[in-house]
>>> print(open('model-v1.txt').read())   # compact mmCIF, C-alpha atoms and all ligand atoms
# COMPACT_ATOMS: atom_id res chain seq x y z
CA MET X 224 194.59 -44.49 -8.94
CA ALA X 225 196.41 -41.20 -8.39
CA ALA X 226 193.46 -39.21 -9.64
CA VAL X 227 190.83 -41.21 -7.85
CA LEU X 228 189.97 -38.76 -5.15
CA ARG X 229 190.44 -35.15 -6.03
CA ARG X 230 187.92 -33.36 -3.99
CA GLY X 231 187.32 -30.24 -2.04
CA PHE X 232 184.51 -29.19 0.22
CA ARG X 233 182.14 -26.69 -1.21
CA LEU X 234 179.65 -24.45 0.49
CA VAL X 235 176.06 -24.75 -0.55
CA SER X 236 173.59 -21.95 0.11
CA PHE X 237 170.64 -22.98 2.20
CA GLY X 238 168.41 -20.03 2.96
CA SER X 239 170.64 -17.50 4.63
CA SER X 240 173.08 -20.14 5.84
CA GLN X 241 175.89 -21.96 4.18
CA LEU X 242 176.14 -25.67 4.73
CA LEU X 243 178.99 -28.05 4.33
CA CYS X 244 178.66 -30.34 1.42
CA GLY X 245 181.42 -32.74 0.46
CA GLY X 246 182.29 -33.72 -3.06
CA CYS X 247 184.38 -36.81 -3.85
CA LYS X 248 185.74 -36.26 -7.31
CA HIS X 249 186.82 -39.52 -8.75
CA GLY X 250 188.41 -40.07 -12.08
CA ARG X 251 187.60 -43.70 -12.70
CA THR X 252 184.62 -45.70 -13.78
CA SER X 253 182.86 -47.09 -10.76
CA SER X 254 182.21 -50.82 -10.67
CA LEU X 255 178.92 -50.23 -8.88
CA SER X 256 176.00 -52.22 -10.20
CA ILE X 257 172.66 -50.63 -9.52
CA CYS X 258 169.13 -51.96 -9.63
CA SER X 259 166.00 -50.00 -8.83
CA THR X 260 162.61 -51.16 -7.67
CA SER X 261 159.38 -49.28 -7.11
CA SER X 262 157.93 -49.40 -3.65
CA ARG X 263 154.27 -49.18 -2.58
CA ASN X 264 154.11 -45.41 -2.61
CA SER X 265 155.92 -45.24 -5.93
CA SER X 266 159.17 -43.93 -4.41
CA SER X 267 162.01 -45.84 -5.97
CA SER X 268 164.31 -48.04 -3.93
CA SER X 269 167.68 -49.12 -5.16
CA SER X 270 170.53 -51.47 -4.41
CA SER X 271 174.07 -51.08 -5.54
CA SER X 272 177.11 -53.14 -4.84
CA SER X 273 180.82 -52.84 -5.39
CA SER X 274 183.55 -55.10 -4.15
CA HIS X 275 183.83 -53.37 -0.77
CA VAL X 276 180.51 -51.64 -0.16
CA LYS X 277 176.85 -52.54 -0.63
CA VAL X 278 174.15 -49.88 -0.57
CA ASP X 279 170.41 -50.41 -0.14
CA LEU X 280 168.31 -47.28 -0.37
CA ASP X 281 164.68 -47.48 0.65
CA GLY X 282 163.04 -44.70 -1.32
CA SER X 283 159.89 -44.82 0.81
CA THR X 284 161.72 -44.01 4.07
CA GLY X 285 164.74 -42.16 2.71
CA ILE X 286 167.04 -44.47 4.69
CA ALA X 287 170.10 -46.01 3.04
CA VAL X 288 171.95 -48.93 4.61
CA VAL X 289 175.62 -48.90 3.63
CA LYS X 290 177.26 -52.24 4.38
CA PHE X 291 181.00 -52.83 4.44
CA GLN X 292 181.75 -56.14 2.75
CA SER X 293 185.51 -56.27 2.38
CA SER X 294 186.61 -59.69 3.52
CA PRO X 295 188.18 -60.75 5.82
CA VAL X 296 188.03 -57.79 8.24
CA ASN X 297 186.82 -54.67 6.37
CA SER X 298 190.25 -53.11 6.61
CA MET X 299 190.18 -49.70 4.95
CA SER X 300 192.37 -49.96 1.89
CA LEU X 301 192.66 -47.19 -0.70
CA ASP X 302 190.04 -48.97 -2.82
CA PHE X 303 187.71 -49.50 0.13
CA LEU X 304 187.96 -45.83 1.14
CA THR X 305 187.44 -44.72 -2.45
CA GLU X 306 184.32 -46.85 -2.92
CA LEU X 307 182.88 -45.82 0.41
CA CYS X 308 183.46 -42.16 -0.35
CA ILE X 309 181.84 -42.47 -3.78
CA SER X 310 178.82 -44.31 -2.35
CA LEU X 311 178.31 -41.71 0.37
CA GLU X 312 178.74 -38.90 -2.12
CA LYS X 313 176.07 -40.41 -4.41
CA LEU X 314 173.67 -40.76 -1.51
CA GLU X 315 174.37 -37.20 -0.40
CA LEU X 316 173.40 -35.98 -3.86
CA ASP X 317 170.33 -38.24 -4.06
CA ARG X 318 167.25 -36.27 -2.99
CA SER X 319 165.41 -39.47 -2.08
CA CYS X 320 167.99 -40.25 0.61
CA ARG X 321 167.72 -38.46 3.97
CA GLY X 322 169.99 -40.54 6.14
CA VAL X 323 172.49 -43.40 6.09
CA ILE X 324 173.26 -46.28 8.40
CA LEU X 325 176.84 -47.55 8.23
CA THR X 326 177.25 -51.18 9.21
CA SER X 327 179.13 -54.36 8.32
CA ALA X 328 178.05 -57.31 6.24
CA LEU X 329 180.77 -59.44 7.85
CA PRO X 330 180.41 -61.32 11.13
CA LYS X 331 182.15 -59.97 14.26
CA ILE X 332 183.90 -57.04 12.55
CA PHE X 333 182.65 -53.54 11.87
CA SER X 334 186.05 -52.53 10.49
CA ALA X 335 189.64 -53.44 11.41
CA GLY X 336 190.59 -49.82 10.76
CA LEU X 337 193.03 -48.59 8.17
CA ASP X 338 194.60 -51.29 6.06
CA ILE X 339 198.07 -51.60 7.57
CA THR X 340 199.48 -52.99 4.33
CA GLU X 341 198.78 -49.56 2.74
CA MET X 342 201.16 -48.00 5.28
CA TYR X 343 203.93 -50.56 5.15
CA GLY X 344 206.72 -51.15 2.61
CA LYS X 345 205.31 -48.75 0.01
CA ASN X 346 206.71 -45.55 -1.50
CA PRO X 347 206.05 -41.97 -0.29
CA GLU X 348 203.72 -41.23 -3.23
CA HIS X 349 201.55 -44.17 -2.25
CA TYR X 350 201.45 -43.08 1.39
CA ALA X 351 200.43 -39.56 0.32
CA GLU X 352 197.63 -40.88 -1.87
CA PHE X 353 196.43 -43.25 0.82
CA TRP X 354 196.44 -40.56 3.50
CA LYS X 355 194.51 -38.23 1.23
CA SER X 356 191.80 -40.88 0.95
CA VAL X 357 191.72 -41.23 4.75
CA GLN X 358 191.24 -37.47 5.02
CA GLU X 359 188.49 -37.70 2.36
CA ILE X 360 186.45 -40.25 4.24
CA TRP X 361 186.66 -38.30 7.49
CA LEU X 362 185.72 -35.06 5.73
CA LYS X 363 182.85 -36.84 4.02
CA VAL X 364 181.38 -38.54 7.09
CA TYR X 365 182.10 -35.82 9.67
CA GLY X 366 180.75 -33.10 7.38
CA TYR X 367 177.90 -35.22 5.98
CA SER X 368 174.84 -33.10 5.34
CA LYS X 369 172.50 -36.05 5.91
CA ILE X 370 172.04 -38.11 9.06
CA ALA X 371 174.70 -40.77 9.60
CA ILE X 372 174.26 -43.53 12.17
CA ALA X 373 176.88 -46.19 12.91
CA ALA X 374 175.43 -49.64 13.55
CA ILE X 375 178.57 -51.20 15.01
CA ASN X 376 178.04 -54.94 14.76
CA GLY X 377 181.59 -56.00 15.60
CA SER X 378 185.03 -54.79 16.61
CA SER X 379 186.00 -51.35 15.48
CA PRO X 380 189.61 -50.38 16.18
CA ALA X 381 191.38 -47.17 15.10
CA GLY X 382 190.10 -46.06 11.66
CA GLY X 383 186.90 -48.05 12.27
CA CYS X 384 186.39 -46.14 15.51
CA LEU X 385 187.15 -42.86 13.70
CA VAL X 386 184.46 -43.46 11.08
CA SER X 387 181.98 -44.45 13.82
CA MET X 388 182.79 -41.32 15.83
CA ALA X 389 182.33 -39.20 12.71
CA CYS X 390 178.70 -40.35 12.53
CA ASP X 391 175.91 -38.56 14.40
CA TYR X 392 175.03 -41.52 16.63
CA ARG X 393 176.51 -44.91 17.49
CA ILE X 394 174.76 -48.16 18.35
CA MET X 395 176.97 -51.11 19.26
CA ALA X 396 176.30 -54.84 19.56
CA ASP X 397 176.37 -56.12 23.11
CA ASP X 398 179.07 -58.76 22.71
CA PRO X 399 181.86 -58.61 25.33
CA ARG X 400 184.35 -59.93 22.75
CA TYR X 401 183.98 -56.79 20.63
CA ARG X 402 186.25 -53.80 21.10
CA ILE X 403 186.24 -50.19 19.96
CA GLY X 404 188.81 -47.44 20.40
CA LEU X 405 191.77 -45.57 18.98
CA ASN X 406 194.51 -48.13 19.59
CA GLU X 407 197.18 -46.48 17.39
CA ALA X 408 199.69 -46.18 20.26
CA GLN X 409 199.64 -49.96 20.59
CA LEU X 410 200.93 -50.19 17.02
CA GLY X 411 203.68 -47.65 17.73
CA ILE X 412 201.92 -45.00 15.65
CA VAL X 413 200.17 -41.78 16.59
CA ALA X 414 196.61 -40.66 15.89
CA PRO X 415 196.74 -37.31 14.07
CA PHE X 416 195.09 -34.16 15.46
CA TRP X 417 191.76 -34.69 13.67
CA PHE X 418 191.40 -38.25 15.03
CA LYS X 419 192.19 -36.82 18.48
CA ASP X 420 189.77 -33.90 18.12
CA THR X 421 186.98 -36.19 16.93
CA MET X 422 187.44 -38.26 20.07
CA VAL X 423 187.67 -35.19 22.32
CA ASN X 424 184.36 -34.00 20.87
CA THR X 425 182.83 -37.41 21.54
CA VAL X 426 184.09 -38.39 25.00
CA GLY X 427 185.87 -35.32 26.39
CA PHE X 428 189.48 -34.33 26.96
CA ARG X 429 190.57 -36.46 29.91
CA THR X 430 189.14 -39.71 28.58
CA THR X 431 190.76 -39.02 25.21
CA GLU X 432 194.09 -38.26 26.87
CA LEU X 433 194.12 -41.64 28.60
CA SER X 434 192.65 -43.49 25.60
CA LEU X 435 195.25 -42.18 23.16
CA GLN X 436 198.30 -42.62 25.35
CA PHE X 437 197.42 -46.20 26.23
CA GLY X 438 195.77 -46.99 22.89
CA LEU X 439 192.76 -48.19 24.86
CA MET X 440 190.17 -50.47 23.34
CA TYR X 441 186.80 -50.57 25.10
CA SER X 442 184.22 -53.32 25.46
CA PRO X 443 180.70 -52.24 24.41
CA SER X 444 179.62 -51.66 28.03
CA ASP X 445 182.73 -49.58 28.81
CA ALA X 446 182.34 -47.67 25.55
CA LEU X 447 178.79 -46.84 26.62
CA LYS X 448 180.01 -45.67 30.05
CA ILE X 449 182.47 -43.18 28.56
CA GLY X 450 180.06 -42.06 25.81
CA LEU X 451 182.07 -43.52 22.95
CA VAL X 452 178.85 -45.23 21.84
CA ASP X 453 175.32 -44.00 22.54
CA GLN X 454 173.52 -47.32 22.87
CA VAL X 455 174.40 -50.98 23.33
CA VAL X 456 171.82 -53.51 22.18
CA PRO X 457 171.71 -57.26 21.44
CA GLU X 458 173.51 -57.95 18.18
CA GLU X 459 170.36 -59.08 16.37
CA ASN X 460 168.75 -55.70 17.17
CA VAL X 461 171.57 -53.43 16.03
CA LEU X 462 170.17 -52.69 12.59
CA SER X 463 166.54 -52.42 13.69
CA THR X 464 167.55 -50.06 16.52
CA ALA X 465 169.55 -47.99 14.06
CA THR X 466 166.50 -47.80 11.80
CA GLU X 467 164.23 -46.77 14.71
CA THR X 468 166.81 -44.20 15.79
CA ILE X 469 167.24 -42.66 12.37
CA THR X 470 163.46 -42.44 12.07
CA LYS X 471 163.43 -40.20 15.16
CA TRP X 472 166.12 -37.99 13.63
CA LEU X 473 164.08 -37.84 10.41
CA ALA X 474 161.24 -36.23 12.35
CA ILE X 475 163.36 -33.07 12.70
CA PRO X 476 163.14 -30.66 9.76
CA ASP X 477 166.19 -31.36 7.57
CA HIS X 478 167.32 -27.74 7.24
CA ALA X 479 167.29 -27.13 11.01
CA ARG X 480 169.20 -30.33 11.73
CA GLU X 481 171.70 -29.71 8.94
CA ILE X 482 172.46 -26.15 9.98
CA SER X 483 172.82 -27.22 13.62
CA LYS X 484 175.21 -30.01 12.61
CA SER X 485 177.22 -27.71 10.41
CA MET X 486 177.46 -25.14 13.22
CA MET X 487 178.96 -27.78 15.52
CA ARG X 488 181.29 -29.45 13.01
CA LYS X 489 182.39 -26.87 10.47
CA PRO X 490 185.27 -25.45 12.55
CA MET X 491 186.91 -28.88 12.72
CA VAL X 492 186.32 -29.60 9.05
CA ASP X 493 187.78 -26.21 8.16
CA ARG X 494 190.84 -26.90 10.29
CA LEU X 495 191.69 -30.02 8.33
CA LEU X 496 190.81 -28.40 5.00
CA ALA X 497 193.23 -25.59 5.80
CA SER X 498 196.05 -27.99 6.61
CA ARG X 499 195.54 -30.96 4.31
CA GLU X 500 198.87 -30.70 2.55
CA SER X 501 200.89 -30.27 5.74
CA ASP X 502 198.93 -33.12 7.33
CA ILE X 503 199.83 -35.35 4.38
CA LYS X 504 203.50 -34.32 4.59
CA ASN X 505 203.46 -34.99 8.30
CA PHE X 506 201.99 -38.44 7.75
CA VAL X 507 204.48 -39.33 5.02
CA ASN X 508 207.44 -38.14 7.12
CA PHE X 509 206.18 -40.11 10.06
CA ILE X 510 205.24 -43.35 8.33
CA THR X 511 208.47 -43.58 6.30
CA LYS X 512 210.67 -43.52 9.42
CA ASP X 513 212.54 -46.79 9.83
CA SER X 514 211.44 -47.11 13.43
CA ILE X 515 207.75 -46.71 12.49
CA GLN X 516 208.02 -49.18 9.60
CA LYS X 517 209.66 -51.60 12.02
CA SER X 518 206.81 -51.20 14.54
CA LEU X 519 204.19 -51.78 11.85
CA GLY X 520 206.01 -54.86 10.54
CA PHE X 521 206.23 -56.20 14.05
CA TYR X 522 202.52 -55.55 14.65
CA MET X 523 201.47 -57.26 11.41
CA ASN X 524 203.56 -60.31 12.29
CA SER X 525 202.02 -60.42 15.72
CA LEU X 526 198.54 -60.44 14.14
CA LYS X 527 199.53 -63.38 11.97
CA GLN X 528 201.21 -65.25 14.82
CA ARG X 529 198.16 -64.82 17.05
CA LYS X 530 196.33 -66.93 14.48
CA ALA X 531 198.97 -69.65 14.25
C1 LIG H 1 204.68 -36.36 15.40
C2 LIG H 1 203.63 -37.24 14.88
C3 LIG H 1 202.30 -36.68 14.97
C4 LIG H 1 201.26 -37.17 14.32
C5 LIG H 1 201.30 -38.38 13.49
C6 LIG H 1 201.32 -38.10 12.08
C7 LIG H 1 200.64 -38.80 11.25
C8 LIG H 1 199.78 -39.97 11.67
C9 LIG H 1 200.45 -41.26 11.53
C10 LIG H 1 199.81 -42.42 11.54
C11 LIG H 1 198.34 -42.52 11.78
C12 LIG H 1 197.80 -43.85 11.34
C13 LIG H 1 196.42 -44.04 11.88
C14 LIG H 1 196.08 -45.50 11.80
C15 LIG H 1 194.85 -45.92 11.95
C16 LIG H 1 194.52 -47.33 11.84
O1 LIG H 1 193.37 -47.67 11.65
S1 LIG H 1 195.74 -48.52 11.98
C17 LIG H 1 194.90 -50.10 12.00
C18 LIG H 1 194.57 -50.48 13.40
N1 LIG H 1 193.86 -51.72 13.40
C19 LIG H 1 194.13 -52.72 14.24
O2 LIG H 1 194.99 -52.62 15.08
C20 LIG H 1 193.30 -53.97 14.09
C21 LIG H 1 194.16 -55.16 13.94
N2 LIG H 1 193.36 -56.34 13.75
C22 LIG H 1 192.78 -57.01 14.75
O3 LIG H 1 192.85 -56.66 15.91
C23 LIG H 1 192.03 -58.23 14.37
O4 LIG H 1 192.41 -58.61 13.08
C24 LIG H 1 190.49 -58.05 14.38
C25 LIG H 1 189.98 -57.90 15.82
C26 LIG H 1 190.07 -56.83 13.57
C27 LIG H 1 189.83 -59.30 13.74
O5 LIG H 1 190.29 -60.45 14.40
P1 LIG H 1 190.07 -61.89 13.71
O6 LIG H 1 188.67 -62.02 13.27
O7 LIG H 1 190.64 -62.89 14.66
O8 LIG H 1 190.91 -61.81 12.36
P2 LIG H 1 192.49 -61.94 12.18
O9 LIG H 1 193.21 -61.19 13.25
O10 LIG H 1 192.82 -63.37 12.00
O11 LIG H 1 192.73 -61.15 10.81
C28 LIG H 1 192.40 -61.72 9.55
C29 LIG H 1 193.39 -61.22 8.53
O12 LIG H 1 193.23 -59.81 8.41
C30 LIG H 1 194.50 -59.18 8.63
N3 LIG H 1 194.25 -57.86 9.24
C31 LIG H 1 193.65 -57.61 10.39
N4 LIG H 1 193.56 -56.28 10.62
C32 LIG H 1 194.16 -55.69 9.56
C33 LIG H 1 194.39 -54.32 9.21
N5 LIG H 1 193.98 -53.29 9.98
N6 LIG H 1 195.03 -54.07 8.06
C34 LIG H 1 195.45 -55.08 7.26
N7 LIG H 1 195.25 -56.41 7.54
C35 LIG H 1 194.60 -56.69 8.68
C36 LIG H 1 195.23 -60.14 9.56
O13 LIG H 1 196.60 -59.90 9.51
C37 LIG H 1 194.83 -61.46 8.97
O14 LIG H 1 195.59 -61.64 7.79
P3 LIG H 1 196.05 -63.11 7.34
O15 LIG H 1 196.89 -63.66 8.47
O16 LIG H 1 194.79 -63.87 7.12
O17 LIG H 1 196.85 -62.88 6.11
>>> encode(input="model-v1.txt", output="structure tokens", more="lines below")
Ligand SMILES: CC/C=C\C/C=C\C/C=C\CCC/C=C/C(=O)SCCNC(=O)CCNC(=O)[C@H](O)C(C)(C)COP(=O)(O)OP(=O)(O)OC[C@H]1O[C@@H](n2cnc3c(N)ncnc32)[C@H](O)[C@@H]1OP(=O)(O)O
Amino acid sequence: MAAVLRRGFRLVSFGSSQLLCGGCKHGRTSSLSICSTSSRNSSSSSSSSSSHVKVDLDGSTGIAVVKFQSSPVNSMSLDFLTELCISLEKLELDRSCRGVILTSALPKIFSAGLDITEMYGKNPEHYAEFWKSVQEIWLKVYGYSKIAIAAINGSSPAGGCLVSMACDYRIMADDPRYRIGLNEAQLGIVAPFWFKDTMVNTVGFRTTELSLQFGLMYSPSDALKIGLVDQVVPEENVLSTATETITKWLAIPDHAREISKSMMRKPMVDRLLASRESDIKNFVNFITKDSIQKSLGFYMNSLKQRKA
């Protein structure tokens, strides 16, 4: 697994501009199974599925639906992050794809965030590899050259919120039981600077300051009020609204949209790229502290006890 994600961002020439283009380099055989079909206008559509992610690309519209299917709660393990990164990378390289919708195949959960078991009771090498894969997914989604829409059909704490915020637009299901936010402080851990900056760029400084210190989780209507999501719709309409929305984005010439996106996001991507190793070291130092391991153990037990 150590060589699974060895990737750097590269710059691709586009006219006179340079655009961000991610590249997940992975050194293992993917377990993706792919089947293609021809649609009415002879563009090919395809479906692929791995244990954590299912991808349906409609070749006639250029829209790919990427569904998280990692039972029970789509927690982002190393394998989940690796598969998601590979799937997004493939779609980014596929000329017939112009935009992706990220959503969940599971009921009530978009994603439970990072898999806590990857950050608990393991060795420093494992933590470093895991954190690198977290960086990879953020770099991939935040710097994605194509359109990315989050169709948030369930709760989306911490890492789930990060991936949603990294998309271009967020549509959330209108169920008052669902929550979204960066709740790291509630676990006794701290969101790193690029989580924080992604939130600042989404909802502004003051709201982020309060959200991070309290580890606030927002209901869909409150998330809409603070701008953490862009639209709240009945659950059964989340995917159709995401499809309608992405269709509007598709009306904009790709090169103009891509360059505009890159102009807004490149400085943040570059900041993490320039400090990846120190960010990993920082994470490993932090997560291996006895007090932090104790907090995580306590939190995991509390999740289990809540059920009992
Ligand atoms: C100086 C320092 C400066 C900077 C810091 C440096 C570095 C940074 C350091 C750390 C940064 C880390 C960033 C972390 C990001 C994260 O994403 S942490 C994860 C946060 N996620 C959560 O808090 C969610 C917790 N889960 C829930 O709230 C609920 O499970 C749910 C609302 C998602 C779903 O509820 P239910 O449907 O009721 O399901 P259950 O609660 O019964 O759960 C089923 C099953 O799944 C297990 N589980 C849940 N979430 C996780 C998870 N995130 N990871 C692993 N496992 C999870 C849960 O325990 C149950 O397991 P079983 O009991 O069935 O075994």
>>> axis_aligned_box(input="model-v1.txt", around="ligand LIG 1 (chain H)", padding_each_side="8 Å", output="AutoDock Vina command-line options")
--center_x 196.7 --center_y -50.1 --center_z 11.0 --size_x 32.0 --size_y 43.5 --size_z 25.8
>>> residues_near_ligand(input="model-v1.txt", ligand="ligand LIG 1 (chain H)", cutoff="6 Å", atoms="all atoms listed in the file", output="ChimeraX atom specification")
/X:295-296,298,335-340,378,380-382,407,412-415,505-506,509,523,526-527,530
>>> residues_around(input="model-v1.txt", residues="stretch 424-431 of chain X", least_positions_apart="5", cutoff="12 Å", atoms="only C-alpha atoms", output="count of residues only")
37
>>> closest_residue(input="model-v1.txt", among="X:Gly282, X:Glu341, X:Lys489, X:Arg321", to="X:Phe353", atoms="all atoms listed in the file")
X:Glu341
>>> atom_distance(input="model-v1.txt", atom1="atom CA of X:Ile370", atom2="atom CA of X:Pro443")
22.6 Å
>>> residues_around(input="model-v1.txt", residues="stretch 519-521 of chain X", least_positions_apart="2", cutoff="8 Å", atoms="only C-alpha atoms", output="number ranges by chain")
X: 339, 343, 410-411, 515-517, 523-525
>>> write_last_selection(input="model-v1.txt", atoms="C-alpha atoms", output="compact mmCIF listing (two decimals), in the coordinates of the input")
# COMPACT_ATOMS: atom_id res chain seq x y z
CA ILE X 339 198.07 -51.60 7.57
CA TYR X 343 203.93 -50.56 5.15
CA LEU X 410 200.93 -50.19 17.02
CA GLY X 411 203.68 -47.65 17.73
CA ILE X 515 207.75 -46.71 12.49
CA GLN X 516 208.02 -49.18 9.60
CA LYS X 517 209.66 -51.60 12.02
CA MET X 523 201.47 -57.26 11.41
CA ASN X 524 203.56 -60.31 12.29
CA SER X 525 202.02 -60.42 15.72
